[in-house]
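Chemist: Below you'll find the structure I mean.
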Amino acid sequence: MLIAVVFLLAGTVKGVVGLGLPTVSLGLLTAAFDLTTAMALMVVPSFVTNLLQAVAGGNWRMLVRRLWPFFAAAGLTVWVGAAALVSLDLVLLSGLLGLLLAAYAVQGLAGVDLSVTARWQPLAGPAFGAANGVLTGMTGSFVVPGVLYLQAIGLGRDALVQAMGMLFTVSTVALAVALEHRGLLGGPLGLASAVALLPAVLGMALGQLLRRRLPEARFRRVFFLAVLALGLYIAANAALGLGGRPGL
């Protein structure tokens with residue numbers, strides 16, 4: 001029931017603002033389970049909903065031609081970050097997730113607009129993609145700094161939403177492969193992730209209905225405030241977990 005409610009809520013957020021399913025589901029599930037369980041549960045709903053977002057619109061070919069180095073770097077480096085899941089303390093990685101969520105929320109609330117000119121995009125694209133991939137592998141969060149880069153290169157609204165869907169799809173596939181290789185996906189978790197697709201899709205449909213009635217600017221502010229509170233809560237829990245250990 002908890003998993004169904006989480007993905008219904010996360011899907012609703014994605015339906016309204018075009019992103020947020022991994023952010024909301026990871027944040028809430030990490031507060032209830034451990035990080036790797038949350039990442040595994042997220043895989044199927046994230047892949048299907050983001051694939052639908054990635055193929056919608058007429059910008060697919062243009063985005064692939066323009067952004068393939070960014071997408072390639074984001075996908076290939078997930079493997080590097082995922083190595084931390086079996087070599088580092090999951091409490092530390094949960095704390096990192098909390099800080100990333102908080103940083104993303106602060107950027108959204110502050111309305112900070114970054115700009116990357118065409119001259120620097122051949123270098124900046126792979127760099128931002130690689131950073132995004134490593135952090136995706138370590139925390140399961142697809143947003144920072146990849147979405148910031150996509151916002152900074154001047155894409156139109158429809159192209160931006162589609163590009164985010166493409167980034168999240170590539171990242172989800174790479175994360176699923178990395179988790180499966182390390183024995184962190186499959187069996188009951190894989191089945192639960194597949195079942196979670198239904199409330200996620202229902203939530204997306206509900207969110208699209210709400211989008212027509214609720215001013216998007218107001219909803220985004222509420223969304224970012226909620227993500228900030230969630231990120232700080234996860235980071236604080238991680239800090240308390242570390243602080244309660246002998247010698248710390």
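All residue names refer to the structure tokens as shown: chains lettered A, B, ... in order, residues numbered from 1 in each chain, ligands numbered from 1 in order.
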Running DSSP on the backbone, which parts of segment 96-207 of chain A land in alpha helix (DSSP H), as a PyMOL selection string?
Modeler: chain A and resi 96-110+121-139+146-152+157-181+187-195+197-207
Chemist: Write out as a PDB file with N, CA and C atoms, in the first residue's frame the residues lying within 9 Å of Leu198 of chain A, counting only C-alpha atoms and excluding same-chain residues fewer than 4 positions away.
Modeler:
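Contents of result_12.pdb, as written:
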ATOM      1  N   ALA A   4       2.324   1.782  -3.447  1.00  0.00           N
ATOM      2  CA  ALA A   4       1.303   2.243  -4.390  1.00  0.00           C
ATOM      3  C   ALA A   4       1.012   3.724  -4.185  1.00  0.00           C
ATOM      4  N   PHE A   7       3.932   5.935  -5.529  1.00  0.00           N
ATOM      5  CA  PHE A   7       4.010   6.072  -6.983  1.00  0.00           C
ATOM      6  C   PHE A   7       2.789   6.784  -7.563  1.00  0.00           C
ATOM      7  N   LEU A   8       1.660   6.691  -6.895  1.00  0.00           N
ATOM      8  CA  LEU A   8       0.507   7.498  -7.315  1.00  0.00           C
ATOM      9  C   LEU A   8       0.829   8.978  -7.151  1.00  0.00           C
ATOM     10  N   PRO A  45       8.515   1.827 -13.204  1.00  0.00           N
ATOM     11  CA  PRO A  45       7.693   3.028 -13.404  1.00  0.00           C
ATOM     12  C   PRO A  45       8.469   4.181 -14.050  1.00  0.00           C
ATOM     13  N   ALA A 194       7.378  -3.665 -11.150  1.00  0.00           N
ATOM     14  CA  ALA A 194       6.433  -3.787 -12.259  1.00  0.00           C
ATOM     15  C   ALA A 194       5.009  -3.467 -11.812  1.00  0.00           C
ATOM     16  N   LEU A 202      -1.516   5.862 -13.450  1.00  0.00           N
ATOM     17  CA  LEU A 202      -2.747   6.509 -13.000  1.00  0.00           C
ATOM     18  C   LEU A 202      -2.453   7.902 -12.454  1.00  0.00           C
ATOM     19  N   GLY A 203      -1.363   8.010 -11.716  1.00  0.00           N
ATOM     20  CA  GLY A 203      -0.969   9.308 -11.189  1.00  0.00           C
ATOM     21  C   GLY A 203      -0.631  10.305 -12.289  1.00  0.00           C
TER      22      GLY A 203
END
Chemist: Rank A:Thr49, A:Asp34, A:Val91, A:Ala40 by their smallest atom-to-atom distance to Ala238 of chain A, using only C-alpha atoms, and report the top residue only.
Modeler: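 Distance minimum relative to Ala238 of chain A lands on A:Val91.
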Chemist: Within 12 Å of Leu191 of chain A, counting only C-alpha atoms, which residues qualify if same-chain residues fewer than 4 places away don't, as a list of chain:residue names?
Modeler: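 Selected residues are A:Ala40, A:Leu41, A:Met42, A:Val43, A:Val44, A:Pro45, A:Leu185, A:Gly186, A:Gly187, A:Val195, A:Ala196, A:Leu197.
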Chemist: Pick out the closest residue to Leu214 of chain A from this set: A:Leu52, A:Leu2, A:Val16, A:Leu76. Count only C-alpha atoms.
Modeler: A:Val16
Chemist: Need the shell around Ala32 of chain A: protein/DNA/RNA residues with any atom at most 12 Å away, counting only C-alpha atoms. Skip same-chain ones fewer than 6 positions apart. Format as an MDAnalysis selection string?
Modeler: chainID A and resid 2:3 6 25:26 38 94 233:234 237
Chemist: Would you list the contacts of segment 77-79 of chain A as a PyMOL selection string, taking every protein, DNA or RNA residue within 12 Å and counting only C-alpha atoms, but skipping same-chain residues closer than 6 positions in sequence?
Modeler: chain A and resi 70-71+85-86+126-142+168+170-182
Chemist: Would you export the selected residues with N, CA and C atoms as a short mmCIF file (atom, residue, chain, number, x, y, z; two decimals), in the first residue's frame, please?
Modeler:
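Result file selection-v4.cif:
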data_model
loop_
_atom_site.label_atom_id
_atom_site.label_comp_id
_atom_site.auth_asym_id
_atom_site.auth_seq_id
_atom_site.Cartn_x
_atom_site.Cartn_y
_atom_site.Cartn_z
N PHE A 70 26.03 14.21 -24.67
CA PHE A 70 25.52 14.38 -23.30
C PHE A 70 24.80 13.12 -22.84
N PHE A 71 23.90 12.59 -23.67
CA PHE A 71 23.16 11.38 -23.31
C PHE A 71 24.10 10.19 -23.14
N LEU A 85 27.61 1.56 -4.59
CA LEU A 85 26.53 0.91 -3.85
C LEU A 85 27.00 -0.32 -3.09
N VAL A 86 28.08 -0.93 -3.54
CA VAL A 86 28.60 -2.11 -2.86
C VAL A 86 29.94 -1.84 -2.19
N PRO A 126 29.29 16.65 -22.48
CA PRO A 126 29.82 15.42 -21.90
C PRO A 126 30.19 15.56 -20.42
N ALA A 127 30.67 16.75 -20.02
CA ALA A 127 31.05 16.95 -18.62
C ALA A 127 29.83 16.88 -17.71
N PHE A 128 28.77 17.61 -18.08
CA PHE A 128 27.54 17.56 -17.29
C PHE A 128 26.93 16.16 -17.33
N GLY A 129 26.97 15.51 -18.50
CA GLY A 129 26.43 14.17 -18.61
C GLY A 129 27.16 13.18 -17.72
N ALA A 130 28.49 13.26 -17.70
CA ALA A 130 29.28 12.35 -16.87
C ALA A 130 28.98 12.57 -15.39
N ALA A 131 28.91 13.82 -14.98
CA ALA A 131 28.60 14.12 -13.58
C ALA A 131 27.21 13.60 -13.22
N ASN A 132 26.27 13.78 -14.13
CA ASN A 132 24.91 13.29 -13.88
C ASN A 132 24.89 11.78 -13.76
N GLY A 133 25.63 11.09 -14.65
CA GLY A 133 25.66 9.64 -14.62
C GLY A 133 26.26 9.08 -13.35
N VAL A 134 27.36 9.66 -12.89
CA VAL A 134 27.99 9.18 -11.66
C VAL A 134 27.04 9.35 -10.47
N LEU A 135 26.40 10.51 -10.38
CA LEU A 135 25.48 10.76 -9.27
C LEU A 135 24.23 9.89 -9.39
N THR A 136 23.79 9.60 -10.61
CA THR A 136 22.67 8.67 -10.80
C THR A 136 23.03 7.30 -10.26
N GLY A 137 24.20 6.81 -10.59
CA GLY A 137 24.63 5.50 -10.11
C GLY A 137 24.77 5.44 -8.60
N MET A 138 25.17 6.54 -7.98
CA MET A 138 25.38 6.57 -6.54
C MET A 138 24.09 6.75 -5.75
N THR A 139 23.13 7.51 -6.33
CA THR A 139 21.96 7.90 -5.54
C THR A 139 20.63 7.55 -6.19
N GLY A 140 20.60 7.25 -7.50
CA GLY A 140 19.35 7.01 -8.20
C GLY A 140 18.65 8.26 -8.65
N SER A 141 19.20 9.43 -8.36
CA SER A 141 18.58 10.69 -8.77
C SER A 141 19.10 11.09 -10.15
N PHE A 142 18.19 11.37 -11.09
CA PHE A 142 18.57 11.68 -12.47
C PHE A 142 18.69 13.17 -12.74
N PHE A 168 16.16 10.84 -18.73
CA PHE A 168 15.70 9.96 -17.66
C PHE A 168 15.56 8.52 -18.15
N VAL A 170 17.39 7.03 -20.64
CA VAL A 170 18.75 6.50 -20.74
C VAL A 170 19.30 6.18 -19.35
N SER A 171 19.08 7.08 -18.41
CA SER A 171 19.59 6.89 -17.06
C SER A 171 18.94 5.70 -16.37
N THR A 172 17.63 5.51 -16.59
CA THR A 172 16.93 4.40 -15.97
C THR A 172 17.43 3.07 -16.49
N VAL A 173 17.61 2.97 -17.82
CA VAL A 173 18.12 1.72 -18.40
C VAL A 173 19.51 1.40 -17.87
N ALA A 174 20.39 2.41 -17.85
CA ALA A 174 21.75 2.19 -17.35
C ALA A 174 21.74 1.80 -15.88
N LEU A 175 20.88 2.43 -15.09
CA LEU A 175 20.81 2.09 -13.67
C LEU A 175 20.28 0.68 -13.46
N ALA A 176 19.28 0.29 -14.24
CA ALA A 176 18.73 -1.06 -14.13
C ALA A 176 19.79 -2.11 -14.43
N VAL A 177 20.58 -1.88 -15.49
CA VAL A 177 21.65 -2.82 -15.84
C VAL A 177 22.68 -2.91 -14.72
N ALA A 178 23.05 -1.76 -14.16
CA ALA A 178 24.05 -1.74 -13.09
C ALA A 178 23.53 -2.43 -11.84
N LEU A 179 22.27 -2.20 -11.48
CA LEU A 179 21.69 -2.85 -10.30
C LEU A 179 21.58 -4.37 -10.50
N GLU A 180 21.15 -4.78 -11.70
CA GLU A 180 21.03 -6.22 -11.98
C GLU A 180 22.39 -6.90 -11.91
N HIS A 181 23.41 -6.26 -12.45
CA HIS A 181 24.76 -6.84 -12.44
C HIS A 181 25.25 -7.06 -11.01
N ARG A 182 24.85 -6.19 -10.11
CA ARG A 182 25.31 -6.28 -8.72
C ARG A 182 24.32 -7.03 -7.83
#
Chemist: Using only C-alpha atoms, which of the listed residues (A:Leu67, A:Leu19, A:Ala236, A:Met39) sits closest to Pro122 of chain A?
Modeler: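 Among the listed residues, the smallest separation from Pro122 of chain A belongs to A:Leu67.
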Chemist: Point out the residue among A:Leu101, A:Leu35, A:Ala72, A:Leu189 with the least atom-to-atom distance to Asp89 of chain A, counting only C-alpha atoms.
Modeler: A:Leu35
Chemist: Please, which residues in segment 199-244 of chain A fall within 12 Å of segment 111-119 of chain A when counting only C-alpha atoms, and what is the closest atom pair and distance in Å to one decimal for each, ordered by chain then residue number, as a tab-separated table?
Modeler:
residue	atom	partner	partner_atom	distance
A:Ala217	CA	A:Gly111	CA	11.2
A:Arg220	CA	A:Gly111	CA	11.0
A:Arg221	CA	A:Gly111	CA	10.2
A:Phe224	CA	A:Gly111	CA	10.9
Chemist: Write the residues of the selection above to a file with N, CA and C atoms, as a PDB file, in the first residue's frame.
Modeler:
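Contents of out33.pdb, freshly written:
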ATOM      1  N   ALA A 217       2.962  27.459 -12.108  1.00  0.00           N
ATOM      2  CA  ALA A 217       3.945  28.164 -11.279  1.00  0.00           C
ATOM      3  C   ALA A 217       3.696  27.903  -9.793  1.00  0.00           C
ATOM      4  N   ARG A 220       4.628  24.245  -8.975  1.00  0.00           N
ATOM      5  CA  ARG A 220       6.079  24.046  -8.946  1.00  0.00           C
ATOM      6  C   ARG A 220       6.675  24.562  -7.643  1.00  0.00           C
ATOM      7  N   ARG A 221       6.146  25.671  -7.133  1.00  0.00           N
ATOM      8  CA  ARG A 221       6.657  26.199  -5.873  1.00  0.00           C
ATOM      9  C   ARG A 221       6.371  25.228  -4.725  1.00  0.00           C
ATOM     10  N   PHE A 224       8.728  22.215  -5.127  1.00  0.00           N
ATOM     11  CA  PHE A 224      10.103  22.455  -4.707  1.00  0.00           C
ATOM     12  C   PHE A 224      10.218  22.587  -3.188  1.00  0.00           C
TER      13      PHE A 224
END
Chemist: Quick one: residues within 9 Å of segment 227-232 of chain A, only C-alpha atoms counted, chain neighbours fewer than 4 positions away excluded, as a list in words?
Modeler: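 The neighbour list is Thr23, Val24, Gly27, Leu28, Ala31, Gly95, Leu97, Gly98, Leu99, Leu100, Leu101, Ala102, Ala103, Tyr104, Ala105, Val106, Val222, Phe223, Ala236 and Asn237 of chain A.
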Chemist: Keeping all heavy atoms for every residue in the selection just given, could you write it to a file as a short mmCIF file (atom, residue, chain, number, x, y, z; two decimals), in the first residue's frame?
Modeler:
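Dumped everything to result12.cif:
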data_model
loop_
_atom_site.label_atom_id
_atom_site.label_comp_id
_atom_site.auth_asym_id
_atom_site.auth_seq_id
_atom_site.Cartn_x
_atom_site.Cartn_y
_atom_site.Cartn_z
N THR A 23 12.43 11.68 -8.34
CA THR A 23 12.75 12.53 -7.19
C THR A 23 11.82 12.24 -6.02
O THR A 23 12.26 12.00 -4.89
CB THR A 23 12.65 14.02 -7.58
OG1 THR A 23 13.52 14.27 -8.67
CG2 THR A 23 13.02 14.90 -6.41
N VAL A 24 10.51 12.27 -6.29
CA VAL A 24 9.53 12.06 -5.22
C VAL A 24 9.57 10.61 -4.72
O VAL A 24 9.59 10.36 -3.51
CB VAL A 24 8.12 12.42 -5.71
CG1 VAL A 24 7.07 12.05 -4.67
CG2 VAL A 24 8.04 13.91 -6.02
N GLY A 27 12.83 9.89 -2.76
CA GLY A 27 12.84 10.57 -1.47
C GLY A 27 11.95 9.90 -0.46
O GLY A 27 12.36 9.64 0.69
N LEU A 28 10.71 9.59 -0.85
CA LEU A 28 9.77 8.97 0.08
C LEU A 28 10.15 7.53 0.41
O LEU A 28 10.07 7.10 1.57
CB LEU A 28 8.36 9.02 -0.50
CG LEU A 28 7.75 10.43 -0.63
CD1 LEU A 28 6.40 10.36 -1.34
CD2 LEU A 28 7.60 11.09 0.73
N ALA A 31 13.07 7.19 2.76
CA ALA A 31 12.70 7.46 4.15
C ALA A 31 12.08 6.24 4.82
O ALA A 31 12.08 6.12 6.04
CB ALA A 31 11.72 8.64 4.21
N GLY A 95 22.57 10.24 2.52
CA GLY A 95 22.82 11.64 2.84
C GLY A 95 23.12 12.46 1.60
O GLY A 95 22.65 13.60 1.47
N LEU A 97 22.02 11.79 -1.41
CA LEU A 97 20.73 11.96 -2.09
C LEU A 97 19.95 13.11 -1.48
O LEU A 97 19.39 13.95 -2.20
CB LEU A 97 19.92 10.66 -2.00
CG LEU A 97 18.47 10.75 -2.49
CD1 LEU A 97 18.42 11.09 -3.98
CD2 LEU A 97 17.73 9.45 -2.20
N GLY A 98 19.90 13.16 -0.15
CA GLY A 98 19.20 14.25 0.52
C GLY A 98 19.75 15.61 0.15
O GLY A 98 18.99 16.56 -0.11
N LEU A 99 21.06 15.73 0.10
CA LEU A 99 21.69 17.01 -0.26
C LEU A 99 21.40 17.38 -1.72
O LEU A 99 21.18 18.55 -2.04
CB LEU A 99 23.20 16.94 -0.01
CG LEU A 99 23.62 16.82 1.46
CD1 LEU A 99 25.15 16.68 1.56
CD2 LEU A 99 23.15 18.03 2.26
N LEU A 100 21.41 16.39 -2.62
CA LEU A 100 21.10 16.67 -4.03
C LEU A 100 19.66 17.16 -4.18
O LEU A 100 19.39 18.10 -4.93
CB LEU A 100 21.31 15.40 -4.87
CG LEU A 100 22.75 15.01 -5.17
CD1 LEU A 100 22.77 13.70 -5.96
CD2 LEU A 100 23.47 16.10 -5.95
N LEU A 101 18.73 16.50 -3.47
CA LEU A 101 17.34 16.93 -3.54
C LEU A 101 17.19 18.36 -3.01
O LEU A 101 16.48 19.18 -3.60
CB LEU A 101 16.45 15.98 -2.74
CG LEU A 101 16.32 14.54 -3.24
CD1 LEU A 101 15.41 13.73 -2.33
CD2 LEU A 101 15.83 14.49 -4.67
N ALA A 102 17.87 18.65 -1.91
CA ALA A 102 17.78 20.00 -1.33
C ALA A 102 18.37 21.03 -2.28
O ALA A 102 17.80 22.12 -2.47
CB ALA A 102 18.50 20.03 0.02
N ALA A 103 19.52 20.71 -2.90
CA ALA A 103 20.15 21.65 -3.83
C ALA A 103 19.26 21.89 -5.05
O ALA A 103 19.13 23.04 -5.51
CB ALA A 103 21.51 21.11 -4.27
N TYR A 104 18.65 20.84 -5.55
CA TYR A 104 17.75 20.98 -6.69
C TYR A 104 16.56 21.87 -6.33
O TYR A 104 16.15 22.75 -7.10
CB TYR A 104 17.28 19.59 -7.11
CG TYR A 104 16.17 19.58 -8.13
CD1 TYR A 104 16.32 20.22 -9.36
CD2 TYR A 104 14.97 18.92 -7.88
CE1 TYR A 104 15.29 20.20 -10.30
CE2 TYR A 104 13.95 18.90 -8.81
CZ TYR A 104 14.12 19.54 -10.02
OH TYR A 104 13.11 19.52 -10.93
N ALA A 105 16.01 21.66 -5.12
CA ALA A 105 14.86 22.46 -4.69
C ALA A 105 15.23 23.92 -4.50
O ALA A 105 14.48 24.82 -4.91
CB ALA A 105 14.30 21.89 -3.39
N VAL A 106 16.39 24.19 -3.92
CA VAL A 106 16.83 25.57 -3.72
C VAL A 106 17.01 26.28 -5.06
O VAL A 106 16.60 27.43 -5.24
CB VAL A 106 18.14 25.61 -2.90
CG1 VAL A 106 18.75 27.01 -2.93
CG2 VAL A 106 17.87 25.19 -1.46
N VAL A 222 5.14 24.72 -4.67
CA VAL A 222 4.80 23.74 -3.65
C VAL A 222 5.67 22.49 -3.79
O VAL A 222 6.16 21.92 -2.81
CB VAL A 222 3.30 23.37 -3.73
CG1 VAL A 222 2.96 22.23 -2.78
CG2 VAL A 222 2.45 24.60 -3.42
N PHE A 223 5.86 22.06 -5.04
CA PHE A 223 6.69 20.88 -5.31
C PHE A 223 8.11 21.08 -4.80
O PHE A 223 8.67 20.23 -4.09
CB PHE A 223 6.69 20.61 -6.82
CG PHE A 223 7.75 19.62 -7.28
CD1 PHE A 223 7.67 18.29 -6.92
CD2 PHE A 223 8.81 20.04 -8.06
CE1 PHE A 223 8.63 17.39 -7.34
CE2 PHE A 223 9.77 19.15 -8.48
CZ PHE A 223 9.68 17.81 -8.12
N ALA A 236 19.28 14.74 7.24
CA ALA A 236 19.34 14.76 8.70
C ALA A 236 19.31 13.35 9.27
O ALA A 236 20.05 13.02 10.22
CB ALA A 236 18.18 15.58 9.26
N ASN A 237 18.46 12.48 8.69
CA ASN A 237 18.42 11.09 9.14
C ASN A 237 19.76 10.40 8.94
O ASN A 237 20.21 9.62 9.79
CB ASN A 237 17.33 10.33 8.38
CG ASN A 237 16.00 10.31 9.13
OD1 ASN A 237 15.90 10.84 10.22
ND2 ASN A 237 14.99 9.73 8.52
#
Chemist: In Å, rounded to a single decimal, give me how far atom CA of Leu90 of chain A is from atom CA of Leu51 of chain A.
Modeler: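 Between these atoms lies a distance of 28.7 Å.
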